[in-house]
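Worksheet: the structure to be examined is printed underneath.
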2 protein chains.
Amino acid sequence: MKRTMDASSRLKAYLMGIDTHQEPVVYMREDCQVCRSEGFAAHSRVGVSSDGQAIIATLNIVYGETIPNGHVGLSNVAMERLGVSQEDPLSVHHAPYVESLSLVRQKVFGHALGGDDMDRIVVDISDHKYSDVEIACFLSVCAGGRLNIDEITSLTRAMVNCGERLSWDNVDRVFDKHCVGGLPGNRTTPLVVSIVSAAGLVMPKTSSRAITSPAGTADTMEALTTVDLDLAAIQRVVRETGACLAWGGAINLSPADDLLIRIERSLDLDGEGQLVASVLSKKIAAGSTHVVIDIPIGDTAKVRSRAEADQLSSLFSDVGAACGLHVRCVVTEGSKPVGKGIGPVEEARDVMAILQGEPHAPGDLKARAILLAAHVFDMADGCGLAAGKLKAEIILNSGEAWAQFRRIVQAQGGLKNLGGARFTHRELASEAGRILSVDNRRLARLAKLAGAPASPAAGLRLLVNVGDIVTVGQPLYELLSDTVGERDYALAYGASELPIFVIQTES
Amino acid sequence: MKRTMDASSRLKAYLMGIDTHQEPVVYMREDCQVCRSEGFAAHSRVGVSSDGQAIIATLNIVYGETIPNGHVGLSNVAMERLGVSQEDPLSVHHAPYVESLSLVRQKVFGHALGGDDMDRIVVDISDHKYSDVEIACFLSVCAGGRLNIDEITSLTRAMVNCGERLSWDNVDRVFDKHCVGGLPGNRTTPLVVSIVSAAGLVMPKTSSRAITSPAGTADTMEALTTVDLDLAAIQRVVRETGACLAWGGAINLSPADDLLIRIERSLDLDGEGQLVASVLSKKIAAGSTHVVIDIPIGDTAKVRSRAEADQLSSLFSDVGAACGLHVRCVVTEGSKPVGKGIGPVEEARDVMAILQGEPHAPGDLKARAILLAAHVFDMADGCGLAAGKLKAEIILNSGEAWAQFRRIVQAQGGLKNLGGARFTHRELASEAGRILSVDNRRLARLAKLAGAPASPAAGLRLLVNVGDIVTVGQPLYELLSDTVGERDYALAYGASELPIFVIQTES
């Protein structure tokens with residue numbers, strides 16, 4: 001039985017100017033004939049079509065005269081995805097049944113998903129056929145170690161299949177690095193890319209924005225230069241410099257992942273299998289052949305124990321191997337923040353200080369960048385870690401890495417000046433003693449409440465770190481924010497619980 | 001640090017007249033000073049306060065002049081929960097961090113939830129502090145056998161604690177029955193209540209509306225009488241007749257469960273632990289002491305195997321025992337639909353036919369009601385099943401049950417006439433032979449697409465059942481609907497796949 005567009009389904013578009021984020025919403029009058037004849041209720045999923053385009057949207061019923069008679073209100077994302085303008089003709093009908101949702105339900109009930117299953121789910125998600133609630137269900141039952149190796153491999157391939165894929169002419173080996181995160185301030189990527197590409201290896205780095213952290217590499221690099229490059233621009237930058245430091249989101253490398261990440265962020269959830277698939281799918285889509293993955297371990301880092309790190313390492317390696325990718329995982333210490341800045345601009349300051357060889361540049365961040373670059377060199381030519389470290393140190397200390405960083409940034413559009421935040425608050429030690437530990441999760445949350453990464457200059461500058469001796473009244477960190485609301489909210493959070501820095505008093 | 005209501009947070013309410021279902025949504029202008037100074041973005045969770053009331057809502061950013069300057073738009077549920085009218089003063093601020101969400105995340109990562117944990121989560125959900133996406137996450141990780149006995153017990157108690165609780169003066173034992181569902185048309189409840197209370201046992205039955213089925217008992221009873229009784233009315237009806245057949249939702253027995261059920265419905269998800277807690281919490285809150293639970297088994301019923309039924313039975317019994325409730329599970333055959341009607345009105349017709357002793361009343365539905373009533377009698381006085389069945393049969397066949405049903409309905413507000421649907425379509429057999437099987441899930445979906453339960457008269461009337469011999473062109477069922485859209489959509493679904501009735505042709 002074929003659905004025909006009868007008189008009652010001829011409606012016109014009315015643009016509501018409402019930003020409903022990624023979930024398309026349509027607004028229909030309670031007295032609308034179509035709404036009544038089709039039996040729609042609030043929060044029904046409905047199909048909307050116009051001129052060959054079709055989307056599935058969530059329905060909100062509107063009472064009163066907000067929408068003119070014979071019109072259907074569209075949220076911004078609904079309008080964009082349908083490609084319609086004010087008064088364009090539309091039809092609204094029952095949403096087609098999304099078959100792949102039955103596969104998600106099977107997963108809820110403990111059945112593993114096959115390769116085809118994963119493909120069907122990921123294609124439907126990237127076609128915006130899932131509601132936010134449905135995506136949340138999929139993510140939740142895939143988190144917490146509930147995806148097996150085959151499922152993660154299928155998910156990785158499915159994500160690669162539904163996006164763009166980069167290829168690099170006349171290059172055999174393409175290197176990449178990634179950190180699983182959870183360690184505030186650990187911004188090694190711009191340093192590793194500069195060192196490694198200064199030595200002639202190709203590293204076209206595309207990074208994500210923050211998921212649950214105060215800054216992603218793309219956020220930090222955006223404080224320094226243009227990062228939303230299209231495919232042609234990225235290829236030009238890499239051709240000219242052997243590397244790039246771009247945002248991956250602008251080139252549609254993994255559109256499904258981008259949709260998933262938004263819901264993960266609102267759930268503050270970052271599942272293991274999802275993490276592996278998200279990372280590796282973007283590496284494969286970016287044309288990488290060799291990847292070094294930094295896995296910091298710490299009580300309040302994302303990975304908390306050696307056993308957990310080993311488990312994650314073997315997932316990365318096994319799934320990588322199944323997808324034809326060489327993966328080396330480097331497990332690092334992760335009990336305390338790295339560098340001094342947390343938040344896009346503050347992390348950029350640390351990166352610049354190291355590249356420019358400033359005396360007060362954070363030594364811990366520099367050492368970590370050298371270690372990771374050494375692993376890349378060892379993967380490339382089997383030189384061994386000691387020789388790799390020496391090579392990285394020479395490139396960094398000689399200014400070669402700084403020169404290469406400037407070439408990359410120049411090719412991307414030039415270096416920006418780092419701005420400052422409007423409000424600064426210095427948090428003072430209330431007792432004297434040695435700093436015993438720091439809660440990285442609460443530190444990250446504090447920086448986020450202060451406004452990072454949406455306000456790039458917001459975040460924290462650490463003035464002490466674990467192991468330091470402090471006196472009463474000595475400043476521990478600066479809280480940086482651009483709005484009064486965020487400043488007050490972060491301060492209230494900072495004061496609400498146990499101290500973020502634990503100080504062991506002298507007795 | 002205490003938040004004070006500064007000048008910038010003084011805004012006024014603007015009622016949008018938009019029904020966003022259970023999730024409160026607030027609409028702020030993109031150029032609103034508060035929005036900017038607080039650093040809000042689309043889909044931020046925000047806190048809204050007015051005159052002592054406070055809610056958490058999801059933010060939609062609005063571009064253009066839809067909302068007057070200095071105003072905040074509120075969706076209907078946001079307005080109701082805040083208790084504000086047009087132009088009432090409001091303040092909008094960052095949503096307080098909902099601590100119990102970290103417990104949900106622990107559950108995502110496989111940690112069991114303690115009793116206090118479950119209490120905190122359920123209290124926050126019933127206080128509307130969770131977004132729909134967050135509720136979806138909680139439900140998804142609790143589904144599929146991921147709650148242990150202690151967790152289900154805690155969830156049950158937590159749900160009881162946050163709602164109203166009924167008590168019955170001068171009554172020692174309060175009986176109840178429940179069917180886990182999945183079997184279209186299996187509307188035994190009105191029959192069992194009438195039989196059992198005619199014999200003098202107290203059965204104050206509160207039922208739910210449909211979750212994922214074409215009708216719940218409350219939907220069916222609503223076709224016959226008033227079911228949205230308040231607490232006082234329920235107590236009066238039970239005092240007068242020893243029973244009632246009311247909707248549980250109007251008396252706030254388990255407000256958290258009501259919120260969870262809406263999201264379960266939109267995910268078409270009905271997890272085992274969630275199911276046990278939902279059922280038992282409502283029985284406990286209703287003051288029941290003895291409960292018979294009907295668990296039908298069938299390939300396309302909710303429970304598919306004996307092993308699964310046994311597992312569910314022991315969950316019900318163990319959790320019931322931990323909560324001081326006597327529970328008896330009755331596992332029944334569930335491979336084919338019961339009765340002839342599917343949908344509120346059509347199921348009500350079957351119930352009336354049996355109570356009135358009509359010759360064409362469905363015998364299968366009658367036999368099931370007698371079996372369940374017999375189990376109640378056996379729980380009450382240990383008479384044994386055979387004696388219990390005999391007693392139930394006599395009460396039903398003598399008209400005592402029908403007289404008792406009329407008393408109950410009279411006390412609830414009188415008997416309604418059953419209306420008919422506007423559109424009827426007869427589906428004809430395309431081949432001759434014996435009906436081998438029927439897909440109950442697709443049958444239920446067909447009835448839902450036809451408009452049940454929102455349109456009470458919509459649904460199906462079965463004209464044949466499994467085991468019957470049919471000829472080519474013989475009608476299999478009538479599809480009943482109130483709108484053209486629903487009729488066409490249901491027909492398109494019915495025609496889209498394999499036949500719902502499998503006919504074994506004679507060879």
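We name chains A, B, ... following the order of the structure tokens; residues begin at 1 in each chain, and ligands are numbered from 1 as shown.
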Exercise. Taking only C-alpha atoms into account, report as a list in words which residues of chain B lie within 6 Å of chain A.
Key: Met1, Gly17, Ile18, Asp19, Thr20, His21, Ser37, Glu38, Ala42, Asn60, Ile61, Val62, Tyr63, Val108, Phe109, Val133, Ala136, Cys137, Ser140, Val141, Gly144, Thr483, Gly485, Glu486 and Ala492 of chain B
Quiz item: DSSP on the backbone: what in region 104-201 of chain A comes out alpha helix (DSSP H), as a count of residues only?
Solution: 51
Exercise. May I ask for the distance between CA of Ile284 (chain A) and CA of Lys205 (chain A), given in Å to one decimal place?
Key: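 Value for the CA of Ile284 (chain A)-CA of Lys205 (chain A) distance: 12.0 Å.
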Exercise. Compile the contact shell of Gln356 (chain B) as an MDAnalysis selection string: residues with an atom at most 10 Å away, counting only C-alpha atoms, same-chain residues fewer than 6 positions apart removed.
Key: chainID B and resid 350 396:399 401:403
Prev. selection, N, CA and C atoms, output as a compact mmCIF listing (two decimals), in the first residue's frame:
# COMPACT_ATOMS: atom_id res chain seq x y z
N ASP B 350 -15.59 -8.56 25.28
CA ASP B 350 -15.37 -9.96 25.68
C ASP B 350 -15.70 -10.15 27.17
N LEU B 396 -19.41 -17.57 38.63
CA LEU B 396 -19.51 -16.95 37.31
C LEU B 396 -20.81 -17.38 36.61
N ASN B 397 -21.06 -18.69 36.60
CA ASN B 397 -22.22 -19.20 35.85
C ASN B 397 -23.56 -18.81 36.49
N SER B 398 -23.57 -18.61 37.80
CA SER B 398 -24.81 -18.26 38.48
C SER B 398 -25.19 -16.79 38.32
N GLY B 399 -24.28 -15.99 37.74
CA GLY B 399 -24.57 -14.56 37.61
C GLY B 399 -24.14 -13.74 38.82
N ALA B 401 -21.10 -13.14 39.78
CA ALA B 401 -19.96 -12.29 39.39
C ALA B 401 -20.47 -11.07 38.63
N TRP B 402 -21.43 -11.27 37.75
CA TRP B 402 -22.01 -10.17 36.96
C TRP B 402 -22.70 -9.15 37.89
N ALA B 403 -23.42 -9.65 38.89
CA ALA B 403 -24.07 -8.75 39.85
C ALA B 403 -23.01 -7.96 40.63
Practice problem: Going by DSSP on the backbone, which bits of region 22-269 of chain B are strand (DSSP E or B)? Write them as a ChimeraX atom specification, please. | Solution: /B:25-29,45-50,53-62,71-74,89-94,175-179,203-207,243-247
Quiz prompt | CA of Arg422 (chain A) to CA of Leu460 (chain A), distance in Å rounded to a single decimal | solution = 12.9 Å
Quiz prompt | All residues 10 Å or closer to Val438 (chain A), only C-alpha atoms, same chain fewer than 6 positions away omitted, as a PyMOL selection string | solution = chain A and resi 299-300+335-337+465-466+499-503
Quiz item: Which one of A:Cys244, A:Val409, A:Leu183, A:Leu260 sits closest to Val338 (chain A) if you count only C-alpha atoms?
Solution: A:Leu183
Practice problem: Would you kindly return, as a VMD selection string, each protein, DNA or RNA residue with an atom no farther than 12 Å from any atom of region 380-390 of chain A, considering only C-alpha atoms and excluding same-chain residues fewer than 5 positions away? | Solution: chain A and resid 172 to 176 192 195 to 196 199 to 203 289 to 292 326 to 328 330 366 to 375 395 to 398
With C-alpha atoms retained, could you export that selection as a short mmCIF file (atom, residue, chain, number, x, y, z; two decimals), in the first residue's frame?
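Result written to part-v4.cif:
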data_model
loop_
_atom_site.label_atom_id
_atom_site.label_comp_id
_atom_site.auth_asym_id
_atom_site.auth_seq_id
_atom_site.Cartn_x
_atom_site.Cartn_y
_atom_site.Cartn_z
CA ASP A 172 53.29 4.67 2.74
CA ARG A 173 53.00 5.26 6.42
CA VAL A 174 50.76 7.74 8.20
CA PHE A 175 51.30 8.22 11.96
CA ASP A 176 48.92 9.38 14.63
CA VAL A 192 54.27 15.39 19.54
CA ILE A 195 58.46 16.95 16.95
CA VAL A 196 57.56 13.95 14.82
CA ALA A 199 61.71 14.66 11.71
CA GLY A 200 59.95 13.98 8.42
CA LEU A 201 57.19 11.57 9.50
CA VAL A 202 53.68 12.32 8.24
CA MET A 203 51.16 13.07 11.00
CA THR A 289 48.55 3.24 9.52
CA HIS A 290 50.45 3.58 12.85
CA VAL A 291 48.95 4.92 16.08
CA VAL A 292 50.44 5.49 19.56
CA HIS A 326 49.26 -0.89 13.88
CA VAL A 327 48.47 0.23 17.43
CA ARG A 328 50.92 0.69 20.32
CA VAL A 330 51.72 3.46 26.23
CA LYS A 366 57.53 18.27 28.12
CA ALA A 367 58.76 14.88 29.40
CA ARG A 368 55.49 13.20 28.41
CA ALA A 369 55.61 14.66 24.91
CA ILE A 370 59.17 13.40 24.49
CA LEU A 371 58.19 9.90 25.65
CA LEU A 372 55.28 9.68 23.20
CA ALA A 373 57.37 11.06 20.30
CA ALA A 374 60.02 8.44 21.16
CA HIS A 375 57.41 5.68 20.83
CA ILE A 395 64.36 18.42 17.98
CA LEU A 396 62.51 20.18 20.80
CA ASN A 397 65.51 21.91 22.44
CA SER A 398 67.02 23.05 19.15
#
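Those residues that approach Thr206 (chain B) to within 7 Å, counting only C-alpha atoms, are Leu245, Ala246, Trp247 and Gly248 of chain B; same-chain residues fewer than 3 positions away are not listed.
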Close residues, Leu113 (chain A) itself excluded, 9 Å, only C-alpha atoms, min 4 positions apart in chain, as an mmCIF file with C-alpha atoms, in the first residue's frame:
data_model
loop_
_atom_site.group_PDB
_atom_site.id
_atom_site.type_symbol
_atom_site.label_atom_id
_atom_site.label_comp_id
_atom_site.auth_asym_id
_atom_site.auth_seq_id
_atom_site.Cartn_x
_atom_site.Cartn_y
_atom_site.Cartn_z
ATOM 1 C CA LEU A 103 18.513 -4.810 17.391
ATOM 2 C CA VAL A 104 19.215 -2.259 20.129
ATOM 3 C CA GLN A 106 18.198 -7.304 21.631
ATOM 4 C CA LYS A 107 21.419 -5.765 22.941
ATOM 5 C CA ASP A 117 23.440 -5.367 12.972
ATOM 6 C CA MET A 118 25.986 -2.748 13.959
ATOM 7 C CA LEU A 147 30.724 -4.822 23.840
ATOM 8 C CA ASP A 150 33.824 -8.455 17.475
ATOM 9 C CA GLU A 151 31.178 -5.903 18.352
ATOM 10 C CA SER A 154 31.976 -3.982 13.814
#
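Our summary of the geometry notes that CA of Ala447 (chain B) is positioned 6.7 Å from CA of Gly343 (chain B).
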